[in-house]
Every structure is written in C-alpha cells, then in structure tokens.
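Shown next: start_23.csv, containing CSV, C-alpha atoms.
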```
chain,number,residue,atom,x,y,z
A,1,MET,CA,-10.4,12.2,-44.2
A,2,THR,CA,-13.7,10.9,-43.0
A,3,VAL,CA,-14.7,7.3,-43.3
A,4,ALA,CA,-18.3,6.5,-44.1
A,5,ALA,CA,-20.1,4.3,-41.7
A,6,ASN,CA,-20.2,1.3,-44.1
A,7,GLU,CA,-16.6,1.6,-45.1
A,8,VAL,CA,-13.8,-0.2,-43.4
A,9,SER,CA,-10.9,2.0,-42.4
A,10,THR,CA,-7.7,1.1,-44.3
A,11,THR,CA,-5.4,3.5,-42.4
A,12,GLY,CA,-4.5,0.8,-39.8
A,13,VAL,CA,-5.0,3.4,-37.0
A,14,VAL,CA,-6.5,1.9,-33.9
A,15,VAL,CA,-9.2,4.0,-32.4
A,16,LYS,CA,-9.3,3.5,-28.6
A,17,ALA,CA,-12.4,3.3,-26.6
A,18,GLN,CA,-13.3,5.9,-24.0
A,19,GLY,CA,-11.5,5.2,-20.7
A,20,GLU,CA,-8.6,3.3,-22.3
A,21,GLU,CA,-6.3,6.3,-22.3
A,22,PRO,CA,-5.6,8.0,-19.0
A,23,VAL,CA,-7.5,11.4,-18.8
A,24,PHE,CA,-4.8,12.9,-16.6
A,25,LYS,CA,-1.0,13.0,-16.9
A,26,ALA,CA,1.9,13.5,-14.5
A,27,GLY,CA,1.9,17.1,-13.2
A,28,ASP,CA,-1.8,17.8,-13.7
A,29,ALA,CA,-3.4,19.8,-10.9
A,30,VAL,CA,-6.4,17.9,-9.4
A,31,THR,CA,-9.0,18.2,-6.7
A,32,ILE,CA,-10.5,15.1,-5.1
A,33,SER,CA,-14.2,15.1,-5.5
A,34,VAL,CA,-16.5,15.7,-2.5
A,35,ARG,CA,-19.1,13.1,-2.8
A,36,PHE,CA,-20.6,10.8,-0.2
A,37,PRO,CA,-22.2,7.9,-2.2
A,38,ILE,CA,-23.8,5.0,-0.3
A,39,GLY,CA,-21.6,2.0,-0.3
A,40,HIS,CA,-17.9,1.2,0.3
A,41,PHE,CA,-15.6,3.7,-1.3
A,42,ARG,CA,-11.9,3.5,-1.4
A,43,VAL,CA,-11.4,7.2,-1.0
A,44,PRO,CA,-10.8,8.2,2.6
A,45,ASN,CA,-12.8,11.2,3.8
A,46,TYR,CA,-9.7,13.2,4.8
A,47,ILE,CA,-8.7,13.8,1.2
A,48,ARG,CA,-12.0,14.8,-0.3
A,49,GLY,CA,-12.0,18.3,-1.5
A,50,LYS,CA,-8.3,18.6,-1.2
A,51,ARG,CA,-6.0,19.8,-3.9
A,52,GLY,CA,-2.9,18.1,-5.2
A,53,TRP,CA,-1.2,17.0,-8.4
A,54,VAL,CA,-0.8,13.8,-10.3
A,55,GLU,CA,2.6,12.2,-9.6
A,56,SER,CA,2.1,9.4,-12.1
A,57,VAL,CA,-0.4,7.3,-13.9
A,58,ILE,CA,-0.7,3.8,-12.5
A,59,GLU,CA,-0.7,1.1,-15.2
A,60,PRO,CA,-2.4,-1.1,-16.1
A,61,PRO,CA,-6.0,0.3,-16.1
A,62,ALA,CA,-8.1,-1.5,-13.4
A,63,ILE,CA,-11.6,-2.4,-12.7
A,64,ASN,CA,-13.4,0.2,-10.6
A,65,ASN,CA,-13.3,-1.8,-7.4
A,66,GLU,CA,-16.2,0.1,-5.9
A,67,GLU,CA,-18.4,-1.2,-8.7
A,68,GLU,CA,-16.7,-4.6,-8.4
A,69,GLY,CA,-18.0,-4.8,-4.8
A,70,TYR,CA,-21.5,-5.1,-6.3
A,71,GLY,CA,-20.5,-7.6,-9.0
A,72,ARG,CA,-20.4,-5.0,-11.8
A,73,ASN,CA,-17.2,-5.7,-13.6
A,74,ALA,CA,-17.8,-5.2,-17.3
A,75,GLY,CA,-16.6,-2.1,-19.2
A,76,ASN,CA,-15.6,0.0,-16.2
A,77,LYS,CA,-11.8,-0.1,-16.4
A,78,ARG,CA,-10.1,3.2,-15.8
A,79,HIS,CA,-6.8,4.4,-14.5
A,80,TYR,CA,-5.7,4.9,-11.0
A,81,TYR,CA,-3.4,7.9,-10.4
A,82,ARG,CA,-0.7,8.3,-7.8
A,83,VAL,CA,-1.7,11.7,-6.4
A,84,ALA,CA,0.4,14.0,-4.2
A,85,ILE,CA,-1.2,16.2,-1.6
A,86,PRO,CA,0.9,18.4,0.7
A,87,LEU,CA,0.3,17.6,4.3
A,88,LYS,CA,-0.2,21.4,4.9
A,89,GLU,CA,-3.1,21.2,2.5
A,90,LEU,CA,-4.6,18.3,4.4
A,91,TRP,CA,-3.9,19.8,7.9
A,92,PRO,CA,-3.6,23.6,7.9
A,93,HIS,CA,-1.8,23.4,11.3
A,94,TYR,CA,0.7,20.8,10.2
A,95,GLY,CA,3.9,21.4,12.1
A,96,GLY,CA,6.4,19.7,9.8
A,97,SER,CA,8.2,20.7,6.6
A,98,ASP,CA,6.2,22.4,3.8
A,99,ASN,CA,7.6,19.7,1.5
A,100,ASP,CA,6.0,16.8,3.4
A,101,SER,CA,3.2,15.2,1.4
A,102,LEU,CA,0.8,12.4,1.2
A,103,ARG,CA,0.8,10.0,-1.8
A,104,ILE,CA,-2.3,8.1,-2.5
A,105,GLU,CA,-3.9,6.2,-5.4
A,106,VAL,CA,-7.2,7.6,-6.6
A,107,PHE,CA,-9.5,6.2,-9.2
A,108,GLU,CA,-10.1,8.5,-12.3
A,109,THR,CA,-13.8,9.0,-11.4
A,110,TRP,CA,-12.8,10.8,-8.2
A,111,LEU,CA,-10.5,13.4,-9.7
A,112,GLU,CA,-11.4,16.8,-11.0
A,113,ARG,CA,-9.2,19.0,-13.0
A,114,SER,CA,-8.3,22.1,-11.2
A,115,GLU,CA,-6.4,25.3,-11.9
A,116,SER,CA,-2.7,24.8,-11.3
B,1,MET,CA,-7.4,-8.0,26.0
B,2,SER,CA,-9.0,-5.2,27.9
B,3,ALA,CA,-7.0,-4.2,31.0
B,4,HIS,CA,-10.2,-3.1,32.9
B,5,ASN,CA,-11.8,-6.5,32.8
B,6,PRO,CA,-10.9,-8.3,36.1
B,7,HIS,CA,-12.0,-11.6,34.6
B,8,ASP,CA,-9.5,-11.6,31.8
B,9,HIS,CA,-6.8,-13.2,33.8
B,10,THR,CA,-8.8,-16.2,35.0
B,11,LEU,CA,-10.3,-16.6,31.6
B,12,LYS,CA,-7.0,-16.8,30.0
B,13,GLU,CA,-5.8,-19.5,32.4
B,14,SER,CA,-8.9,-21.6,32.5
B,15,CYS,CA,-10.0,-21.9,28.9
B,16,GLU,CA,-9.7,-20.8,25.3
B,17,PRO,CA,-10.6,-17.2,24.6
B,18,ILE,CA,-14.3,-16.7,23.6
B,19,PRO,CA,-14.4,-16.2,19.8
B,20,GLY,CA,-15.3,-12.7,18.7
B,21,TYR,CA,-18.1,-11.6,16.4
B,22,TYR,CA,-16.0,-11.7,13.2
B,23,GLU,CA,-14.3,-14.9,14.1
B,24,ILE,CA,-17.7,-16.6,14.5
B,25,MET,CA,-18.9,-15.0,11.2
B,26,GLU,CA,-15.8,-16.2,9.4
B,27,THR,CA,-16.3,-19.8,10.7
B,28,ALA,CA,-20.0,-19.7,9.7
B,29,VAL,CA,-19.2,-18.4,6.1
B,30,ARG,CA,-16.4,-20.8,5.7
B,31,GLU,CA,-18.4,-23.8,6.7
B,32,LEU,CA,-21.3,-22.7,4.4
B,33,LEU,CA,-19.0,-22.3,1.5
B,34,VAL,CA,-17.5,-25.8,2.1
B,35,GLU,CA,-20.9,-27.3,2.6
B,36,LYS,CA,-22.2,-25.8,-0.7
B,37,LYS,CA,-19.0,-27.1,-2.4
B,38,LEU,CA,-18.0,-23.6,-3.6
B,39,ILE,CA,-14.6,-24.1,-2.0
B,40,GLY,CA,-12.9,-27.1,-0.6
B,41,ALA,CA,-11.3,-27.4,2.9
B,42,GLY,CA,-8.0,-28.2,1.0
B,43,GLU,CA,-8.1,-24.8,-0.8
B,44,ILE,CA,-8.3,-22.9,2.5
B,45,ARG,CA,-5.4,-25.0,3.9
B,46,ARG,CA,-3.4,-24.3,0.8
B,47,GLN,CA,-4.0,-20.5,0.9
B,48,ILE,CA,-2.9,-20.5,4.6
B,49,GLU,CA,0.3,-22.3,3.4
B,50,VAL,CA,0.8,-19.6,0.8
B,51,LEU,CA,0.4,-16.8,3.3
B,52,ASP,CA,2.6,-18.5,5.9
B,53,SER,CA,5.4,-18.8,3.3
B,54,ARG,CA,5.5,-15.0,2.9
B,55,THR,CA,7.7,-13.3,5.5
B,56,PRO,CA,9.9,-10.2,5.7
B,57,ALA,CA,12.8,-12.4,4.8
B,58,LEU,CA,11.6,-12.3,1.2
B,59,GLY,CA,11.4,-8.5,1.1
B,60,ALA,CA,14.9,-8.3,2.7
B,61,LYS,CA,16.3,-10.4,-0.1
B,62,VAL,CA,14.8,-8.1,-2.7
B,63,VAL,CA,16.3,-5.0,-0.9
B,64,ALA,CA,19.7,-6.6,-0.6
B,65,ARG,CA,19.7,-7.5,-4.3
B,66,ALA,CA,18.7,-3.9,-5.2
B,67,TRP,CA,21.6,-2.6,-3.0
B,68,VAL,CA,24.2,-4.7,-4.9
B,69,ASP,CA,22.7,-4.7,-8.4
B,70,ALA,CA,22.0,-1.3,-9.9
B,71,GLU,CA,20.1,-2.7,-13.0
B,72,PHE,CA,17.9,-4.8,-10.8
B,73,LYS,CA,17.2,-1.7,-8.6
B,74,ALA,CA,16.2,0.3,-11.7
B,75,ARG,CA,13.8,-2.4,-12.8
B,76,LEU,CA,12.4,-2.7,-9.3
B,77,LEU,CA,11.7,1.0,-9.0
B,78,ALA,CA,10.2,1.0,-12.5
B,79,ASN,CA,7.8,-2.0,-11.8
B,80,GLY,CA,7.9,-3.5,-8.4
B,81,ARG,CA,5.5,-6.4,-9.2
B,82,THR,CA,7.1,-7.7,-12.3
B,83,THR,CA,10.6,-7.4,-10.9
B,84,CYS,CA,9.6,-9.3,-7.7
B,85,GLU,CA,8.0,-12.0,-9.9
B,86,GLU,CA,11.2,-12.2,-11.9
B,87,PHE,CA,12.9,-12.7,-8.5
B,88,GLY,CA,10.6,-15.7,-7.8
B,89,ILE,CA,8.1,-14.0,-5.6
B,90,SER,CA,4.6,-14.6,-7.0
B,91,PHE,CA,1.6,-12.3,-6.6
B,92,TYR,CA,-1.4,-14.4,-5.7
B,93,ASP,CA,-3.7,-11.3,-5.7
B,94,ASP,CA,-4.4,-8.5,-8.2
B,95,THR,CA,-2.3,-5.9,-6.4
B,96,GLN,CA,0.5,-3.8,-8.0
B,97,LEU,CA,3.6,-3.0,-6.1
B,98,ILE,CA,5.4,0.3,-6.0
B,99,VAL,CA,8.8,0.3,-4.5
B,100,LEU,CA,9.7,3.6,-2.9
B,101,GLU,CA,13.4,4.5,-2.5
B,102,ASN,CA,14.6,6.3,0.6
B,103,THR,CA,17.4,8.8,-0.2
B,104,ASP,CA,19.2,11.7,1.5
B,105,ALA,CA,16.4,13.9,0.4
B,106,VAL,CA,13.3,11.8,0.8
B,107,HIS,CA,12.0,9.5,3.5
B,108,ASN,CA,9.0,7.2,2.7
B,109,LEU,CA,6.5,5.8,5.1
B,110,ILE,CA,3.6,3.5,4.3
B,111,VAL,CA,0.2,3.2,5.9
B,112,CYS,CA,-3.3,2.1,5.1
B,113,THR,CA,-5.7,4.5,6.7
B,114,LEU,CA,-8.8,2.6,5.6
B,115,CYS,CA,-7.8,-0.8,6.9
B,116,SER,CA,-4.7,-2.9,6.7
B,117,CYS,CA,-3.5,-3.1,3.0
B,118,TYR,CA,0.0,-4.3,3.1
B,119,PRO,CA,2.5,-5.8,0.6
B,120,ARG,CA,1.7,-9.3,1.8
B,121,PRO,CA,3.2,-11.2,-1.2
B,122,VAL,CA,6.6,-9.8,-0.2
B,123,LEU,CA,6.3,-9.2,3.5
B,124,GLY,CA,3.7,-11.6,4.8
B,125,LEU,CA,1.2,-10.5,7.5
B,126,PRO,CA,1.4,-6.9,8.8
B,127,PRO,CA,2.3,-6.3,12.5
B,128,ASP,CA,-0.6,-5.6,14.8
B,129,TRP,CA,0.3,-1.9,15.4
B,130,TYR,CA,0.1,-1.4,11.6
B,131,LYS,CA,-3.6,-2.3,11.7
B,132,LEU,CA,-4.5,-0.2,14.8
B,133,LYS,CA,-6.1,3.2,14.5
B,134,PRO,CA,-3.4,5.3,16.3
B,135,TYR,CA,-0.8,4.3,13.7
B,136,ARG,CA,-3.2,4.7,10.8
B,137,ALA,CA,-4.3,8.1,11.9
B,138,ARG,CA,-1.0,9.6,13.0
B,139,ALA,CA,1.0,8.4,10.0
B,140,VAL,CA,-0.9,10.8,7.7
B,141,LYS,CA,-1.4,13.6,10.3
B,142,GLU,CA,1.9,13.8,12.2
B,143,PRO,CA,4.4,11.4,10.6
B,144,ARG,CA,7.4,13.1,12.2
B,145,ALA,CA,6.2,12.8,15.7
B,146,LEU,CA,5.2,9.2,15.0
B,147,LEU,CA,8.6,8.3,13.5
B,148,ALA,CA,10.3,9.9,16.5
B,149,GLU,CA,8.5,7.4,18.7
B,150,PHE,CA,10.1,4.6,16.7
B,151,GLY,CA,13.4,6.4,17.3
B,152,THR,CA,13.6,7.7,13.8
B,153,ILE,CA,14.4,11.4,13.7
B,154,ILE,CA,14.0,12.8,10.2
B,155,PRO,CA,15.9,16.2,9.6
B,156,GLU,CA,13.6,19.1,8.6
B,157,ASN,CA,15.3,19.3,5.2
B,158,VAL,CA,14.4,15.7,4.4
B,159,GLU,CA,11.0,15.5,2.7
B,160,ILE,CA,8.6,13.0,4.1
B,161,ARG,CA,6.3,11.1,1.7
B,162,VAL,CA,3.5,9.1,3.3
B,163,SER,CA,2.0,6.6,0.9
B,164,ASP,CA,-1.6,5.6,1.9
B,165,SER,CA,-2.5,2.3,0.3
B,166,THR,CA,-6.2,2.3,-0.5
B,167,ALA,CA,-7.1,0.2,-3.5
B,168,MET,CA,-4.9,-1.8,-5.8
B,169,VAL,CA,-1.4,-0.6,-5.1
B,170,ARG,CA,0.8,-1.9,-2.3
B,171,TYR,CA,4.1,-0.3,-1.3
B,172,LEU,CA,7.5,-1.5,-0.2
B,173,VAL,CA,10.1,0.9,1.1
B,174,LEU,CA,13.7,0.5,-0.2
B,175,PRO,CA,15.7,1.7,2.8
B,176,GLN,CA,19.1,3.3,2.3
B,177,ARG,CA,22.1,1.0,2.4
B,178,PRO,CA,23.8,1.7,5.7
B,179,GLU,CA,27.4,3.0,5.6
B,180,GLY,CA,30.2,0.7,6.4
B,181,THR,CA,28.6,-2.3,4.6
B,182,GLU,CA,30.9,-2.3,1.5
B,183,HIS,CA,32.5,-5.6,2.6
B,184,LEU,CA,29.2,-7.5,3.2
B,185,ASP,CA,27.8,-10.0,0.8
B,186,GLU,CA,24.1,-10.1,-0.3
B,187,ALA,CA,23.0,-12.5,2.4
B,188,GLN,CA,24.8,-10.5,5.1
B,189,LEU,CA,23.1,-7.3,3.8
B,190,ALA,CA,19.7,-9.0,3.8
B,191,ALA,CA,20.1,-9.6,7.5
B,192,LEU,CA,20.3,-5.9,8.1
B,193,VAL,CA,16.8,-5.3,6.5
B,194,THR,CA,14.0,-5.6,9.0
B,195,ARG,CA,10.2,-5.6,8.4
B,196,ASP,CA,9.9,-2.2,10.0
B,197,ALA,CA,12.6,-0.7,7.7
B,198,MET,CA,10.6,-1.8,4.7
B,199,ILE,CA,7.5,-0.1,6.2
B,200,GLY,CA,9.6,3.0,6.6
B,201,VAL,CA,9.3,3.5,10.4
B,202,ILE,CA,13.0,2.8,11.0
B,203,LYS,CA,16.2,2.7,8.9
B,204,ALA,CA,18.1,-0.4,8.0
B,205,SER,CA,20.3,-1.7,10.8
B,206,THR,CA,24.0,-1.0,10.7
B,207,PRO,CA,26.4,-3.9,11.2
B,208,THR,CA,27.1,-2.7,14.7
B,209,THR,CA,23.4,-2.3,15.8
B,210,GLU,CA,22.8,-5.8,14.3
B,211,ALA,CA,25.6,-7.3,16.4
B,212,SER,CA,24.3,-5.7,19.6
B,213,ARG,CA,20.7,-6.9,19.0
```

Would you mind writing the structure in this file as structure tokens?
Amino acid sequence: MTVAANEVSTTGVVVKAQGEEPVFKAGDAVTISVRFPIGHFRVPNYIRGKRGWVESVIEPPAINNEEEGYGRNAGNKRHYYRVAIPLKELWPHYGGSDNDSLRIEVFETWLERSES
Amino acid sequence: MSAHNPHDHTLKESCEPIPGYYEIMETAVRELLVEKKLIGAGEIRRQIEVLDSRTPALGAKVVARAWVDAEFKARLLANGRTTCEEFGISFYDDTQLIVLENTDAVHNLIVCTLCSCYPRPVLGLPPDWYKLKPYRARAVKEPRALLAEFGTIIPENVEIRVSDSTAMVRYLVLPQRPEGTEHLDEAQLAALVTRDAMIGVIKASTPTTEASR
C-alpha cells in the first residue's frame, strides 16, 4: 500500500530516519577504510585497511565525535561497532596464537562491507 | 625527569620543577575561562573532588559483587555502565562501559593506543605506564611478551583479546575468581582485586599472595 504525500499514515508503523538503525550486524565481515582526512580522527592508523568482523553493535547511537570536535553535533548520530581484527592480520609476523585478536570500537562511517 | 640532565638533581632540591608547555597552557586557559565567567573556580575544585573520589577500590567492589552474585554479573556483562550506576557509581562523562570477563579460554587486556582513555568513573586515574608509548604500542603488537614482563604467562591455548579504547567506550576486565576463596566474604574478595588485574595485565591475587604482600 502506498500513502500519498498529503495523506497521514494510519498504519501506526514508525518509519526510521537514515542512520537510526545500525547498518552492520554481529558477524558481518568489514574492512576499515583507508582515508587520511585532515583533523583529529579516532581511528588509529594501524587498523586502516585491515579486515575483521563485527563482534557487536554498540548502543546507543552516538554523535560522530570527529564532527563534534568542530562543533557540528546535529543529525550525525550513528552506531559504533565493536570490531574484531586478528593480530595476525595486523602484524603478519605476529608470534602468538592465531586466535589472538584486537577488539576496537569503530564509527560506522569508517567501516566498509567486505566479502566474508 | 631525564637521566642525562646533570642539573635535575640540584633543581629538584632547590626549587619547584619548572612547569612544562602543557601545564602553562592549562593554567592560561583555565584562568581565561574563569576570568570570562564561563566556569567558576568552584566548579574546577568540585570536578577534582569527583576525580579524587574514584579509585580502584570502586572497581574492586564491582568485581567482588560479580563473583558472588551471578545475576549481578550477567547484568554487568550485558551493560557495564547501567549496572555500575545501579551499584552507586555515577558516570560523569558520556562514556559507555564494557566489562570483559576473563575465563579459562579468554584473557582480556585493555589499552588506549591513541592516548589514555581509561574507565575513570570506576578506577580513577590511570597509572603512568598505561599512558606511555611502550605499553600502548606493545599491548597491540606483542601482548604475550608484554604480559610476561608483568609476570603473567598466558598459555598458547588461551585466546588473548586486546581491547583498544578509542572513542566512547571504556573497558573494565573482570578477572577470574582465584581458587581457594570459597570461604571469603565480599569485602575480603574485593581486597584481592587490584587495579592491574582490572586492566588485565595480571590476575587477581590469591589469598596467599595477598598475605605475603
């Protein structure tokens, strides 16, 4: 059923705005973006371009603190994700167990979906 | 203090240390904010009081409660912040808290590679080594060698998870309850939980190691 623009929906279904729902879910394979914007970014260099998976979605959605640093707070809430990256992926010569991993919270705008 | 500076010794004895760049900047900004009436001197004093009231003893109480109360532990692992708040520990900042449980299969270690993010509401100020580059770099690069230097040998079949706090989440490690502590009450258990165990660089003390400290 479509609702014409001037009609009020009577279904009681709440339509969520973009960004309200997390884009990724636990288990999704992700790659951290390789970008070097000017400014202060809470994404350490050593994880950029590395592949991992989403361990969990962190609630509640939060202001993009990189934007907040410049006083831009409105309308930029998104989710952070707790992302797991094997230490062998970060450091090819890593000497410990294959199961050892890094866990790090990454803002949605820095994650790219990758082939699992 | 630099070991190569021959004047350090005499300086230390004769006068107050010379304030560094950031200390001078902090003083200047603070005085300007007060002068412009954006904040009051009383607010700064109050915030220092808030920070001083947060010590590892708070975190130790949370851990001891989790050891004796399975329902509390389940809530703590599901939502660290709200469960600590329910326990009476307020969060004066916008951080979330994830509590990470150490088990026979997983050992958790926390670090902040970018700076010194730390679960201050529950543990107070971080130790100096936590803020220094060697710890920050090695925790994510060679955690097993780093832990060994703290005297913590993690068997190869135990998975290490290093949590790097970077933005809005802080972490607290829930160490394993030591064996031979069945007879201890909650307060006695809390005495076995040190700051370093809640960062994940060591395990909780056993009653015998505690007695010999």

Can you check which residues of chain B have any atom within 9 Å of chain A? Use all atoms listed in the file and format it as a PyMOL selection string.
chain B and resi 96+113-114+140-144+156-169

If we count all atoms listed in the file and set the cut-off at 9 Å, which residues sit around stretch 26-31 of chain A, ignoring sequence neighbours fewer than 6 positions away in its own chain? Please answer as a PyMOL selection string.
chain A and resi 48-57+81-83+110-116

How far is it from atom CA of B:Leu174 to atom CA of B:Cys84, in Å with one decimal?
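For atom CA of B:Leu174 relative to atom CA of B:Cys84, the distance reads 13.0 Å.
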
Report, in Å to a single decimal, how far apart atom CA of B:Pro178 and atom CA of B:Leu77 are.
19.1 Å

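Rounded to one decimal, atom CA of B:Ile48 and atom CA of B:Arg120 lie 12.4 Å from each other.
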
Who sits within 12 Å of B:Trp129, all atoms listed in the file, same chain under 5 positions skipped, as an NGL selection string
:B and (111-112 or 115-116 or 134-139 or 150 or 196 or 199 or 201)

Any chance you can output those residues with C-alpha atoms as a PDB file, in the coordinates of the input?
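Ended up saving to result11.pdb:
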```pdb
ATOM      1  CA  VAL B 111       0.200   3.200   5.900  1.00  0.00           C
ATOM      2  CA  CYS B 112      -3.300   2.100   5.100  1.00  0.00           C
ATOM      3  CA  CYS B 115      -7.800  -0.800   6.900  1.00  0.00           C
ATOM      4  CA  SER B 116      -4.700  -2.900   6.700  1.00  0.00           C
ATOM      5  CA  PRO B 134      -3.400   5.300  16.300  1.00  0.00           C
ATOM      6  CA  TYR B 135      -0.800   4.300  13.700  1.00  0.00           C
ATOM      7  CA  ARG B 136      -3.200   4.700  10.800  1.00  0.00           C
ATOM      8  CA  ALA B 137      -4.300   8.100  11.900  1.00  0.00           C
ATOM      9  CA  ARG B 138      -1.000   9.600  13.000  1.00  0.00           C
ATOM     10  CA  ALA B 139       1.000   8.400  10.000  1.00  0.00           C
ATOM     11  CA  PHE B 150      10.100   4.600  16.700  1.00  0.00           C
ATOM     12  CA  ASP B 196       9.900  -2.200  10.000  1.00  0.00           C
ATOM     13  CA  ILE B 199       7.500  -0.100   6.200  1.00  0.00           C
ATOM     14  CA  VAL B 201       9.300   3.500  10.400  1.00  0.00           C
TER      15      VAL B 201
END
```
